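Below you'll find the structure, written out as C-alpha cells, and then a few comments.
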Amino acid sequence: MRFGAAVLRSYEDPFAVEEVMLKSGPADGEILVRIAGCGMCRTDLAVRRSAGRSPLPAVLGHEGAGVVVQTGGPDTGLSPGDHVVLSFDSCGHCRSCLGAAPAYCDRFAALNLFGGRTENAERFTDAAGGALAPRWFGQSSFAEYAMVPARNAVRVAPSLPLELLGPLGCGFLTGAGAVFNSFGVGPGDTVAVFGAGAVGLAAVMAATAAGAFTVAVDRHPERLAQAERFRAIPLHAASADLPGRIQRLTDGGAQYALDTTGSGELINDALRALRPAGHLGLVARLHTALPLEPGTLDRGRKISHICEGDAVPGLLIPRLTGLWQAGLFPFDQLIRTYPLADIDEAERDCEAGRVVKPVLIPEHRT
C-alpha cells in the first residue's frame, strides 16, 4: 500500500510530505493503524541534534492515535475498527518489562531511538523503493498509516476525540505519570514543577487532580498563566530567592519537584526548594555534567531520572482519559492542530514556544 508521510531526509532539511510504501501487511503481533492525529514531541525534534545516532531518512512521530485497520496473527487482542492510542515500544521479555516497568526495557534505546525494530524493516520504503529507517518508537506516525507492535497500542472508547489523544502516549503520559506513579502524589501533598511545557503542564494538571498544592516555575508569562488556570501558583524562573519563595509557599519546602528543563541552575533551585527527604525527578536528557551545589542533597533529599512517567501505558492512558471525561485533566486545552502538510510550521511554532503541543492531522486520500 502507498500513503503519505512526513519524511526527514537530513538533519538540517525541513520535513517533506511524500509518498511512502508498505510492501506487506502486519506480521504476527502487529497491527496496521490509520492515523487520526499525531502529537509532535521535542524528542522528535531532538533527532536534528542527535549527532547522527538516529538513522535517516526516517518517518518520525511517536504520539499517534488512530483506528486499527488490520491485525496480524490471532494474539494481538485488538480488532479492526478499534480506536487506539500508540505509546513507546518495549520488548516484553526482559526483567523490566516482566516487572511492569516497560520504560526501563533493556532494549528501550534500540527499539525507540537508535534503530527501531529491524524485523521486516525492508518492507517500509519511499516511493522509489529507497530504504527508510525502521519504525521510530515502534510507530513512525507522522503519516497516514503506521505499522505498530500490538503491545504499543492501548484501546480507547470510540466516544473520545481520537485525533487529540496521541500525546497521552508520551508527553502527557510522562508528566502525569511522574506525579501519579513516580511520586505517588495524594491529597495535601506539595509539588513544584519546573518548566511549564507539555510535560510540565501535564504534571500540574495531574497534581491538581490528585489534590496537591502545586507551584509552577517558568520563564514565559503565557505558560505561567496556563499553569495558573490549572490551579498552580505561578512563579517566574528569574524570581529572587526562588527556592526560598517555594519553601514559604509550601510551608517548609515541597515534598516533590519535577524538572522538565534540564537547566543545571533550576535543578539546584529545585533541590533547595525541597523539604527534608523530598524527591526531585528529572525527565529531560542532560547533555552536560550536572554540578550540584553543596547542601542540595542533604537531609535525605534524593534525585532520580524518570522515563515515560514510570508508566504502564495500558493502565495510565485509561486513567487519563477518565480524568479528562471528569473535567480533571483538560489536556485538550494545550493542543493546536495542524494538517500533516504543515509539519514544518508546527515545528517552528513548537521550537519558538508559540504552541504547547502541536498535533498533526493526516489528510487521508482514501
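Chain labels follow the order of the C-alpha cells: the first chain is A, the next B, and so on; residue numbering restarts at 1 in every chain, and ligands are counted from 1 in their shown order.
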
Could I get the residues of range 173-227 of chain A with an atom no further than 10 Å from an atom of range 241-257 of chain A, each paired with its nearest atom pair and that distance in Å to one decimal, using only C-alpha atoms, sorted by chain and residue number, as CSV?
```
residue,atom,partner,partner_atom,distance
A:Ala178,CA,A:Ala257,CA,9.8
A:Val179,CA,A:Tyr256,CA,8.6
A:Ser182,CA,A:Tyr256,CA,9.9
A:Phe183,CA,A:Tyr256,CA,7.0
A:Gly184,CA,A:Tyr256,CA,9.6
A:Val185,CA,A:Tyr256,CA,8.3
A:Asp189,CA,A:Gln255,CA,6.7
A:Thr190,CA,A:Ala254,CA,5.0
A:Val191,CA,A:Tyr256,CA,4.8
A:Ala192,CA,A:Ala257,CA,4.6
A:Val193,CA,A:Ala257,CA,5.7
A:Phe194,CA,A:Ala257,CA,7.5
A:Phe213,CA,A:Thr250,CA,7.7
A:Thr214,CA,A:Thr250,CA,8.6
A:Val215,CA,A:Ile246,CA,7.4
A:Ala216,CA,A:Ile246,CA,9.6
A:Val217,CA,A:Leu242,CA,9.1
```

> If you run DSSP on this backbone, which residues of range 52-264 of chain A come out as strand (DSSP E), and could you give them as a ChimeraX atom specification?
Replying inline: /A:58-59,64-71,83-86,124-126,145-149,153-156,190-194,213-218,233-236,254-259

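If only C-alpha atoms are the atoms counted, then among A:Asp259, A:Pro330, A:Leu160, A:Ala58 the closest residue to Ala121 in chain A is A:Ala58.
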
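Nearest residue to Ser50 in chain A among A:Leu274, A:Cys94, A:Leu113, A:Val20 is A:Leu113, counting only C-alpha atoms.
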
I need the residues of range 126-345 of chain A that end up classed as alpha helix (DSSP H) by DSSP on the backbone, written out as a PDB file with C-alpha atoms, in the first residue's frame.
```pdb
ATOM      1  CA  GLY A 171       4.353  13.747  26.593  1.00  0.00           C
ATOM      2  CA  PHE A 172       1.247  13.923  28.751  1.00  0.00           C
ATOM      3  CA  LEU A 173       1.859  10.366  29.990  1.00  0.00           C
ATOM      4  CA  THR A 174       5.347  11.401  31.161  1.00  0.00           C
ATOM      5  CA  GLY A 175       4.215  14.404  33.197  1.00  0.00           C
ATOM      6  CA  ALA A 176       1.145  12.780  34.695  1.00  0.00           C
ATOM      7  CA  GLY A 177       2.957   9.509  35.318  1.00  0.00           C
ATOM      8  CA  ALA A 198       3.646  19.906  27.621  1.00  0.00           C
ATOM      9  CA  VAL A 199       5.217  17.564  30.188  1.00  0.00           C
ATOM     10  CA  GLY A 200       5.244  20.148  32.974  1.00  0.00           C
ATOM     11  CA  LEU A 201       1.654  21.267  32.451  1.00  0.00           C
ATOM     12  CA  ALA A 202       0.519  17.642  32.359  1.00  0.00           C
ATOM     13  CA  ALA A 203       2.223  17.232  35.734  1.00  0.00           C
ATOM     14  CA  VAL A 204       0.441  20.344  37.024  1.00  0.00           C
ATOM     15  CA  MET A 205      -2.934  19.001  35.885  1.00  0.00           C
ATOM     16  CA  ALA A 206      -2.236  15.616  37.456  1.00  0.00           C
ATOM     17  CA  ALA A 207      -1.088  17.147  40.746  1.00  0.00           C
ATOM     18  CA  THR A 208      -4.213  19.289  40.891  1.00  0.00           C
ATOM     19  CA  ALA A 209      -6.375  16.244  40.121  1.00  0.00           C
ATOM     20  CA  PRO A 221       4.320  34.558  31.226  1.00  0.00           C
ATOM     21  CA  GLU A 222       1.806  32.836  28.945  1.00  0.00           C
ATOM     22  CA  ARG A 223       2.893  29.399  30.202  1.00  0.00           C
ATOM     23  CA  LEU A 224       2.624  30.604  33.792  1.00  0.00           C
ATOM     24  CA  ALA A 225      -0.861  31.922  33.061  1.00  0.00           C
ATOM     25  CA  GLN A 226      -1.819  28.487  31.714  1.00  0.00           C
ATOM     26  CA  ALA A 227      -0.454  26.807  34.845  1.00  0.00           C
ATOM     27  CA  GLU A 228      -2.437  29.227  36.987  1.00  0.00           C
ATOM     28  CA  ARG A 229      -5.615  28.258  35.106  1.00  0.00           C
ATOM     29  CA  LEU A 242      13.230  31.211  44.097  1.00  0.00           C
ATOM     30  CA  PRO A 243      13.897  28.259  46.461  1.00  0.00           C
ATOM     31  CA  GLY A 244      13.017  30.389  49.467  1.00  0.00           C
ATOM     32  CA  ARG A 245       9.752  31.534  47.880  1.00  0.00           C
ATOM     33  CA  ILE A 246       8.770  27.930  47.165  1.00  0.00           C
ATOM     34  CA  GLN A 247       9.668  26.910  50.715  1.00  0.00           C
ATOM     35  CA  ARG A 248       7.467  29.647  52.142  1.00  0.00           C
ATOM     36  CA  LEU A 249       4.568  28.815  49.836  1.00  0.00           C
ATOM     37  CA  GLY A 264      21.550  22.957  35.990  1.00  0.00           C
ATOM     38  CA  GLU A 265      20.647  26.220  37.723  1.00  0.00           C
ATOM     39  CA  LEU A 266      16.981  25.307  38.043  1.00  0.00           C
ATOM     40  CA  ILE A 267      17.784  21.740  39.120  1.00  0.00           C
ATOM     41  CA  ASN A 268      19.810  23.135  42.010  1.00  0.00           C
ATOM     42  CA  ASP A 269      16.977  25.558  42.819  1.00  0.00           C
ATOM     43  CA  ALA A 270      14.551  22.641  42.822  1.00  0.00           C
ATOM     44  CA  LEU A 271      16.705  20.656  45.247  1.00  0.00           C
ATOM     45  CA  ARG A 272      16.997  23.613  47.603  1.00  0.00           C
ATOM     46  CA  ALA A 273      13.214  24.084  47.437  1.00  0.00           C
ATOM     47  CA  PRO A 313       0.577   2.740  29.153  1.00  0.00           C
ATOM     48  CA  GLY A 314      -2.297   0.269  29.230  1.00  0.00           C
ATOM     49  CA  LEU A 315      -3.033   1.320  32.810  1.00  0.00           C
ATOM     50  CA  LEU A 316      -2.260   5.031  32.783  1.00  0.00           C
ATOM     51  CA  ILE A 317      -3.842   6.065  29.472  1.00  0.00           C
ATOM     52  CA  PRO A 318      -7.340   4.875  30.505  1.00  0.00           C
ATOM     53  CA  ARG A 319      -6.874   6.698  33.801  1.00  0.00           C
ATOM     54  CA  LEU A 320      -6.026   9.921  31.983  1.00  0.00           C
ATOM     55  CA  THR A 321      -8.992   9.657  29.595  1.00  0.00           C
ATOM     56  CA  GLY A 322     -11.238   9.032  32.587  1.00  0.00           C
ATOM     57  CA  LEU A 323      -9.892  12.135  34.320  1.00  0.00           C
ATOM     58  CA  TRP A 324     -10.446  14.125  31.102  1.00  0.00           C
ATOM     59  CA  GLN A 325     -14.052  12.968  30.932  1.00  0.00           C
ATOM     60  CA  ILE A 343       4.548  19.946   9.715  1.00  0.00           C
ATOM     61  CA  ASP A 344       7.345  22.482   9.204  1.00  0.00           C
ATOM     62  CA  GLU A 345       5.143  25.292  10.517  1.00  0.00           C
TER      63      GLU A 345
END
```

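What separates CA of Asp332 in chain A from CA of Ser263 in chain A is a distance of 27.5 Å.
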
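Our summary of the geometry notes that CA of His220 in chain A is positioned 20.2 Å from CA of Met40 in chain A.
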
> In terms of the shortest atom-to-atom distance over only C-alpha atoms, which of A:Pro161, A:Arg151, A:Val156, A:Ala326 is closest to Cys97 in chain A?
Replying inline: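 Selected residue with least distance to Cys97 in chain A: A:Arg151.
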
> Distance CA of Ser10 in chain A-CA of Leu60 in chain A, one decimal place?
Replying inline: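 Interatomic distance, CA of Ser10 in chain A to CA of Leu60 in chain A: 12.3 Å.
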
>> Could you check the closest approach to Ser87 in chain A for each of A:Arg117, A:Lys23, A:Arg49, A:Arg155 and tell me which residue wins, using only C-alpha atoms?
In response: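 Smallest separation from Ser87 in chain A among the options: A:Arg155.
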